[in-house]
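Data block below; observations after.
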Amino acid sequence: MIKNKFKSFLQVFKRELDIIIKDKDILVIILLSPVFYAFFYGSFYMYKSENDVPVVVLDYDNSEKSREFIRNVDAHKLVKVSEYVYDFSSAQDRLFKMEAQGIIIIPGDFSNNIKSLKPAYVKLLLNTSRFLPSNDINIAVNEVAAQMRVDLRLKYYLNKGYNYGQVQGNIEPVREDIRPLFNPTESYGDFLIPALLVLILQQTLIIGLSESIAKERENNTLHELYETSNKSIWATISGKSGFYLILYCAYTLFFFAVPFYIFKLSFIGNIFTLIILTLIFLLSVVYMGIFVSSFFKKKIISLQFFVFTSYPFLLVSGYVWPLQAMPLILKIFSFFLPSTPYLNAFNRITKMGASWEHILPEFLQLLILALLGFLGTRIRMKLLIMKELNIKLNSPFFNVFQKIKNSIQKA
């Protein structure tokens, strides 16, 4: 029995290989796209963080203190003072032309206020239509201003006759000790590249497999597939998806090794934990791809649908925007996407070194999705084969289902 099943699996597997070799669309999607997109999209974030964000300065004070402040801002790695301007309209013009991402305005009483121990204000206008550069400028200016406050207080107390040890507690009575964990450089690339790699794996796998399934429906060859499997639904599904699963297991190992090394991404977790989790993830994706694509009768429609889903799948995964901040309907929808639990667990394994007890909920969710996907795919494929062959399959469940369907139609 097992020998016959395996023989049927191999027959479908060989048939699928023949389809892939002859179909250039599928070949490009599953053989070229994963590697190309992995390095193409990853290269955007090669440097991972943005440095030398341009700002313009409008210095109404033009004093030694204001120039010192601007020199310190310019020395900060995140910001570069690109130009001094002499009126607000010129500064605004640079902002509108995107020649600068922020305007630093130093009022005319800046130096006098410092000397008279009054608050000295610096106005910062940011282009928040691009949140990353504006955040970098904000961080740099605040850090420079904080250091200047400390230096001024230190100088004041030293002039009063206090020694350095006495002054330390007065100038900084509360000192923060901030230690970034898991992404110490706080770079956008370290955050986004792993998610892009996972999305590339998921979407190219779904699109390639869906093209093959839709092609079977378009050419009315499901009955041939069924006959090749010796009328075994298990062999039909497993043989059809077997090559894709093996290929994408290889892609996964390649991604964990090569792009992670080239883009200097952290990987501090257990590789075997991630491999097991990834295998369940790929199974879930395979079954979801077969099930959904079985509703399309044209390859082009299947392709258009799954290409459209790439960005929405990333958005609703909870990776770039927290799930708790989404509407309930999107939370429910995200539960049925394999990328949602996988990205959550993947991020914690690779960056935080999480072990099995930390990712158990995500593992169980993926396991449930894989089982539901297999059952749904099995039912769907049987129904399609029944329709194409116009026969009753030897299954009590489907005989009952057919009777119920006939009763509803007669009513």
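Residue numbering restarts at 1 for every chain of the structure tokens, chains are lettered A, B, ... in their displayed order, and ligands are numbered from 1 as they appear.
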Problem set entry | helix (DSSP H, G or I) per DSSP on the backbone: members of region 307-354 of chain A, as a PyMOL selection string | chain A and resi 307-315+323-325+328-335+339-352
So that I have them on file, write out the residues from the current selection with C-alpha atoms, as a tab-separated table (two decimals), in the first residue's frame.
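The result, written out as result16.tsv:
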```tsv
chain	number	residue	atom	x	y	z
A	307	VAL	CA	0.88	39.65	-6.96
A	308	PHE	CA	-1.67	42.08	-5.55
A	309	THR	CA	-1.58	40.34	-2.15
A	310	SER	CA	2.17	40.73	-1.56
A	311	TYR	CA	2.14	44.08	0.23
A	312	PRO	CA	-1.19	43.55	2.07
A	313	PHE	CA	0.11	40.24	3.46
A	314	LEU	CA	3.12	42.05	4.93
A	315	LEU	CA	1.00	44.85	6.36
A	323	LEU	CA	-1.88	43.71	15.34
A	324	GLN	CA	-3.49	45.20	18.43
A	325	ALA	CA	-3.76	48.53	16.59
A	328	LEU	CA	-10.96	43.34	14.34
A	329	ILE	CA	-11.72	42.15	10.81
A	330	LEU	CA	-8.03	42.50	9.87
A	331	LYS	CA	-6.95	40.66	13.02
A	332	ILE	CA	-9.21	37.74	12.07
A	333	PHE	CA	-7.92	37.78	8.48
A	334	SER	CA	-4.28	37.87	9.65
A	335	PHE	CA	-4.81	34.76	11.78
A	339	SER	CA	3.28	34.75	7.47
A	340	THR	CA	1.66	36.23	10.60
A	341	PRO	CA	2.83	33.66	13.18
A	342	TYR	CA	5.97	32.82	11.23
A	343	LEU	CA	7.31	36.38	11.03
A	344	ASN	CA	6.56	36.88	14.72
A	345	ALA	CA	8.49	33.74	15.70
A	346	PHE	CA	11.18	34.23	13.04
A	347	ASN	CA	12.03	37.68	14.37
A	348	ARG	CA	12.34	36.45	17.95
A	349	ILE	CA	14.45	33.41	17.05
A	350	THR	CA	16.95	35.22	14.84
A	351	LYS	CA	17.27	38.48	16.79
A	352	MET	CA	16.36	37.58	20.37
```
For this session: Do a neighbour search on Pro34 (chain A) at 12 Å with only C-alpha atoms, toss out local chain neighbours closer than 2 positions, and write the hits as JSON, numbers by chain.
Result: {"A": [27, 28, 29, 30, 31, 32, 36, 37, 38, 39, 40, 41, 42, 196, 197, 198, 199, 200, 201, 202, 203, 204, 205, 206, 207, 208, 247, 248, 250, 251, 252, 254, 255, 259]}
Generate a file of the selected residues that holds N, CA and C atoms, formatted as a short mmCIF file (atom, residue, chain, number, x, y, z; two decimals), in the first residue's frame.
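That gives us result-v7.cif:
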```cif
data_model
loop_
_atom_site.label_atom_id
_atom_site.label_comp_id
_atom_site.auth_asym_id
_atom_site.auth_seq_id
_atom_site.Cartn_x
_atom_site.Cartn_y
_atom_site.Cartn_z
N LEU A 27 8.92 28.81 -14.47
CA LEU A 27 10.38 28.72 -14.31
C LEU A 27 10.96 30.03 -13.80
N VAL A 28 10.55 31.13 -14.40
CA VAL A 28 11.07 32.44 -13.99
C VAL A 28 10.67 32.75 -12.56
N ILE A 29 9.42 32.44 -12.21
CA ILE A 29 8.90 32.77 -10.87
C ILE A 29 9.62 32.00 -9.77
N ILE A 30 9.81 30.70 -9.98
CA ILE A 30 10.35 29.89 -8.88
C ILE A 30 11.86 29.70 -8.92
N LEU A 31 12.49 29.93 -10.08
CA LEU A 31 13.94 29.72 -10.16
C LEU A 31 14.74 31.02 -10.16
N LEU A 32 14.22 32.07 -10.77
CA LEU A 32 14.96 33.32 -10.85
C LEU A 32 14.50 34.37 -9.85
N PHE A 36 16.84 36.73 -7.22
CA PHE A 36 16.95 38.11 -7.72
C PHE A 36 16.35 39.11 -6.72
N TYR A 37 15.11 38.83 -6.28
CA TYR A 37 14.46 39.77 -5.37
C TYR A 37 15.14 39.84 -4.02
N ALA A 38 15.69 38.72 -3.55
CA ALA A 38 16.36 38.72 -2.25
C ALA A 38 17.53 39.71 -2.24
N PHE A 39 18.33 39.69 -3.30
CA PHE A 39 19.49 40.59 -3.35
C PHE A 39 19.10 41.99 -3.83
N PHE A 40 18.10 42.06 -4.71
CA PHE A 40 17.69 43.37 -5.23
C PHE A 40 17.05 44.21 -4.13
N TYR A 41 16.04 43.66 -3.44
CA TYR A 41 15.39 44.42 -2.38
C TYR A 41 16.31 44.60 -1.18
N GLY A 42 17.09 43.57 -0.87
CA GLY A 42 18.00 43.69 0.26
C GLY A 42 19.05 44.76 0.06
N LEU A 196 11.45 40.98 4.45
CA LEU A 196 11.40 40.94 2.99
C LEU A 196 11.79 39.56 2.46
N LEU A 197 12.79 38.95 3.07
CA LEU A 197 13.22 37.62 2.64
C LEU A 197 12.10 36.60 2.83
N VAL A 198 11.41 36.68 3.98
CA VAL A 198 10.30 35.77 4.25
C VAL A 198 9.16 36.02 3.25
N LEU A 199 8.87 37.28 3.00
CA LEU A 199 7.79 37.61 2.05
C LEU A 199 8.12 37.12 0.65
N ILE A 200 9.39 37.22 0.24
CA ILE A 200 9.81 36.75 -1.08
C ILE A 200 9.61 35.24 -1.17
N LEU A 201 10.00 34.51 -0.13
CA LEU A 201 9.79 33.06 -0.11
C LEU A 201 8.31 32.72 -0.25
N GLN A 202 7.50 33.36 0.55
CA GLN A 202 6.06 33.05 0.56
C GLN A 202 5.41 33.37 -0.77
N GLN A 203 5.65 34.58 -1.27
CA GLN A 203 4.91 35.01 -2.46
C GLN A 203 5.36 34.31 -3.74
N THR A 204 6.66 34.08 -3.91
CA THR A 204 7.10 33.38 -5.13
C THR A 204 6.64 31.92 -5.10
N LEU A 205 6.62 31.32 -3.91
CA LEU A 205 6.11 29.95 -3.79
C LEU A 205 4.63 29.88 -4.14
N ILE A 206 3.85 30.78 -3.57
CA ILE A 206 2.41 30.79 -3.84
C ILE A 206 2.14 31.06 -5.32
N ILE A 207 2.82 32.06 -5.88
CA ILE A 207 2.56 32.44 -7.27
C ILE A 207 2.95 31.32 -8.23
N GLY A 208 4.13 30.72 -8.02
CA GLY A 208 4.55 29.63 -8.90
C GLY A 208 3.61 28.44 -8.84
N LEU A 247 12.32 22.53 -3.30
CA LEU A 247 13.06 23.69 -3.81
C LEU A 247 13.09 24.82 -2.78
N TYR A 248 11.96 25.08 -2.15
CA TYR A 248 11.91 26.21 -1.22
C TYR A 248 12.53 25.89 0.14
N ALA A 250 15.36 24.35 0.13
CA ALA A 250 16.73 24.70 -0.26
C ALA A 250 16.92 26.21 -0.28
N TYR A 251 15.92 26.95 -0.80
CA TYR A 251 16.00 28.42 -0.79
C TYR A 251 16.11 28.95 0.64
N THR A 252 15.36 28.34 1.55
CA THR A 252 15.38 28.80 2.94
C THR A 252 16.78 28.68 3.53
N PHE A 254 19.54 28.56 1.91
CA PHE A 254 20.39 29.52 1.18
C PHE A 254 20.20 30.93 1.75
N PHE A 255 18.95 31.33 2.00
CA PHE A 255 18.68 32.66 2.54
C PHE A 255 19.29 32.84 3.92
N PRO A 259 22.32 35.62 2.13
CA PRO A 259 21.90 37.00 2.36
C PRO A 259 22.12 37.46 3.81
#
```
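Here CA of Leu152 (chain A) and CA of Pro133 (chain A) stand 28.7 Å from one another.
You can rank A:Ala370, A:Leu225, A:Leu375, A:Ile262 by their closest distance to Lys14 (chain A) using only C-alpha atoms, and at the top of that list sits A:Leu225.
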Exercise. Which residues, written as a PyMOL selection string, have at least one atom at most 12 Å from Leu277 (chain A), with only C-alpha atoms counted and residues fewer than 2 positions away on the same chain left out?
Worked result: chain A and resi 249+252+270-275+279-284+338-339+341-346+349+355-356+359-367+370
I need the residues from that last selection saved to file as a compact mmCIF listing (two decimals), in the first residue's frame (with N, CA and C atoms), if you can.
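Just written: selection.txt:
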```
# COMPACT_ATOMS: atom_id res chain seq x y z
N CYS A 249 12.64 24.64 0.48
CA CYS A 249 13.45 24.27 1.64
C CYS A 249 14.92 24.61 1.36
N THR A 252 15.36 28.34 1.55
CA THR A 252 15.38 28.80 2.94
C THR A 252 16.78 28.68 3.53
N ASN A 270 18.51 29.26 17.59
CA ASN A 270 18.82 27.88 17.24
C ASN A 270 18.36 27.61 15.81
N ILE A 271 19.29 27.21 14.94
CA ILE A 271 18.98 27.00 13.53
C ILE A 271 18.01 25.84 13.34
N PHE A 272 18.08 24.81 14.17
CA PHE A 272 17.20 23.64 14.01
C PHE A 272 15.75 24.00 14.40
N THR A 273 15.60 24.86 15.40
CA THR A 273 14.26 25.35 15.76
C THR A 273 13.65 26.09 14.58
N LEU A 274 14.46 26.93 13.95
CA LEU A 274 13.96 27.71 12.82
C LEU A 274 13.66 26.83 11.61
N ILE A 275 14.46 25.79 11.39
CA ILE A 275 14.23 24.90 10.26
C ILE A 275 12.90 24.16 10.40
N LEU A 279 9.66 24.64 7.96
CA LEU A 279 9.04 23.54 7.22
C LEU A 279 7.52 23.56 7.37
N ILE A 280 7.04 23.77 8.60
CA ILE A 280 5.59 23.88 8.83
C ILE A 280 5.04 25.10 8.10
N PHE A 281 5.80 26.19 8.11
CA PHE A 281 5.39 27.41 7.41
C PHE A 281 5.24 27.15 5.91
N LEU A 282 6.22 26.48 5.30
CA LEU A 282 6.17 26.21 3.87
C LEU A 282 5.01 25.29 3.52
N LEU A 283 4.74 24.30 4.37
CA LEU A 283 3.58 23.43 4.15
C LEU A 283 2.29 24.24 4.18
N SER A 284 2.19 25.16 5.14
CA SER A 284 0.99 26.00 5.24
C SER A 284 0.82 26.85 3.99
N PRO A 338 -0.17 32.32 7.00
CA PRO A 338 1.00 31.70 7.61
C PRO A 338 2.10 32.68 7.97
N SER A 339 2.21 33.78 7.21
CA SER A 339 3.28 34.75 7.47
C SER A 339 3.11 35.46 8.81
N PRO A 341 2.09 34.28 12.08
CA PRO A 341 2.83 33.66 13.18
C PRO A 341 4.30 33.42 12.84
N TYR A 342 4.58 33.14 11.57
CA TYR A 342 5.97 32.82 11.23
C TYR A 342 6.88 34.04 11.40
N LEU A 343 6.47 35.19 10.90
CA LEU A 343 7.31 36.38 11.03
C LEU A 343 7.52 36.75 12.50
N ASN A 344 6.47 36.58 13.29
CA ASN A 344 6.56 36.88 14.72
C ASN A 344 7.60 35.99 15.38
N ALA A 345 7.54 34.68 15.10
CA ALA A 345 8.49 33.74 15.70
C ALA A 345 9.87 33.88 15.07
N PHE A 346 9.93 34.08 13.77
CA PHE A 346 11.18 34.23 13.04
C PHE A 346 12.01 35.39 13.61
N ILE A 349 13.39 34.43 17.08
CA ILE A 349 14.45 33.41 17.05
C ILE A 349 15.76 34.01 16.57
N SER A 355 13.63 30.47 22.29
CA SER A 355 13.60 29.01 22.18
C SER A 355 12.16 28.53 22.06
N TRP A 356 11.98 27.19 22.08
CA TRP A 356 10.66 26.61 21.81
C TRP A 356 9.57 27.15 22.72
N ILE A 359 8.09 30.46 21.52
CA ILE A 359 7.39 30.55 20.23
C ILE A 359 6.32 29.47 20.08
N LEU A 360 5.99 28.79 21.16
CA LEU A 360 5.01 27.70 21.09
C LEU A 360 3.66 28.14 20.52
N PRO A 361 3.10 29.30 20.93
CA PRO A 361 1.81 29.73 20.34
C PRO A 361 1.88 29.88 18.82
N GLU A 362 2.98 30.46 18.33
CA GLU A 362 3.13 30.64 16.89
C GLU A 362 3.29 29.30 16.18
N PHE A 363 4.03 28.38 16.80
CA PHE A 363 4.20 27.04 16.22
C PHE A 363 2.86 26.32 16.12
N LEU A 364 2.06 26.38 17.19
CA LEU A 364 0.75 25.72 17.18
C LEU A 364 -0.18 26.35 16.14
N GLN A 365 -0.11 27.68 16.02
CA GLN A 365 -0.94 28.36 15.02
C GLN A 365 -0.56 27.91 13.61
N LEU A 366 0.74 27.81 13.33
CA LEU A 366 1.18 27.33 12.02
C LEU A 366 0.75 25.89 11.78
N LEU A 367 0.83 25.07 12.83
CA LEU A 367 0.43 23.67 12.71
C LEU A 367 -1.07 23.57 12.40
N ALA A 370 -1.60 24.56 8.80
CA ALA A 370 -1.16 23.50 7.89
C ALA A 370 -2.21 22.39 7.81
```
Exercise. Hey, what's within 12 Å of Asn135 (chain A) if we count only C-alpha atoms and toss same-chain stuff fewer than 5 positions away? As a PyMOL selection string, please?
Worked result: chain A and resi 49-51+53+78-79+101-102+124-130+140-142
Restrict the selected residues to N, CA, C and O atoms and save them as a tab-separated table (two decimals), in the first residue's frame.
```
chain	number	residue	atom	x	y	z
A	49	SER	N	21.01	52.14	7.83
A	49	SER	CA	20.54	53.36	8.47
A	49	SER	C	20.97	54.56	7.64
A	49	SER	O	21.93	54.49	6.87
A	50	GLU	N	20.25	55.64	7.81
A	50	GLU	CA	20.51	56.85	7.02
A	50	GLU	C	21.39	57.79	7.82
A	50	GLU	O	21.11	58.10	8.98
A	51	ASN	N	22.48	58.25	7.21
A	51	ASN	CA	23.38	59.21	7.84
A	51	ASN	C	23.42	60.50	7.03
A	51	ASN	O	23.01	60.54	5.87
A	53	VAL	N	21.74	63.36	7.11
A	53	VAL	CA	20.49	63.92	6.61
A	53	VAL	C	20.66	65.43	6.49
A	53	VAL	O	21.05	66.11	7.46
A	78	LEU	N	24.28	61.61	12.23
A	78	LEU	CA	22.98	61.51	11.58
A	78	LEU	C	22.66	62.71	10.71
A	78	LEU	O	21.80	62.63	9.83
A	79	VAL	N	23.33	63.86	10.95
A	79	VAL	CA	22.91	65.11	10.33
A	79	VAL	C	24.09	65.79	9.64
A	79	VAL	O	25.23	65.71	10.09
A	101	GLN	N	15.88	68.31	4.75
A	101	GLN	CA	14.77	67.63	5.43
A	101	GLN	C	14.35	68.35	6.71
A	101	GLN	O	13.42	67.92	7.38
A	102	GLY	N	15.06	69.44	7.03
A	102	GLY	CA	14.71	70.17	8.24
A	102	GLY	C	15.34	71.56	8.24
A	102	GLY	O	16.31	71.82	7.52
A	124	LEU	N	13.05	73.98	15.62
A	124	LEU	CA	13.37	72.91	14.66
A	124	LEU	C	12.13	72.60	13.84
A	124	LEU	O	11.11	72.14	14.37
A	125	LEU	N	12.20	72.85	12.54
A	125	LEU	CA	11.09	72.54	11.63
A	125	LEU	C	11.47	71.31	10.82
A	125	LEU	O	12.51	71.30	10.15
A	126	LEU	N	10.62	70.28	10.89
A	126	LEU	CA	10.96	69.00	10.29
A	126	LEU	C	9.99	68.64	9.17
A	126	LEU	O	8.78	68.90	9.27
A	127	ASN	N	10.52	68.00	8.14
A	127	ASN	CA	9.69	67.45	7.07
A	127	ASN	C	9.20	66.07	7.51
A	127	ASN	O	9.83	65.06	7.23
A	128	THR	N	8.10	66.04	8.21
A	128	THR	CA	7.60	64.76	8.75
A	128	THR	C	6.83	63.95	7.72
A	128	THR	O	6.27	62.90	8.05
A	129	SER	N	6.80	64.40	6.46
A	129	SER	CA	6.24	63.54	5.41
A	129	SER	C	7.15	62.35	5.17
A	129	SER	O	6.73	61.35	4.59
A	130	ARG	N	8.40	62.44	5.61
A	130	ARG	CA	9.34	61.32	5.60
A	130	ARG	C	9.79	61.13	7.04
A	130	ARG	O	10.63	61.88	7.54
A	140	ALA	N	19.37	63.91	16.65
A	140	ALA	CA	20.67	64.60	16.64
A	140	ALA	C	20.60	65.94	17.36
A	140	ALA	O	21.46	66.24	18.21
A	141	VAL	N	19.61	66.76	17.05
A	141	VAL	CA	19.51	68.09	17.66
A	141	VAL	C	19.25	67.98	19.16
A	141	VAL	O	19.83	68.73	19.95
A	142	ASN	N	18.42	67.04	19.56
A	142	ASN	CA	18.15	66.87	21.00
A	142	ASN	C	19.39	66.40	21.76
A	142	ASN	O	19.63	66.84	22.89
```
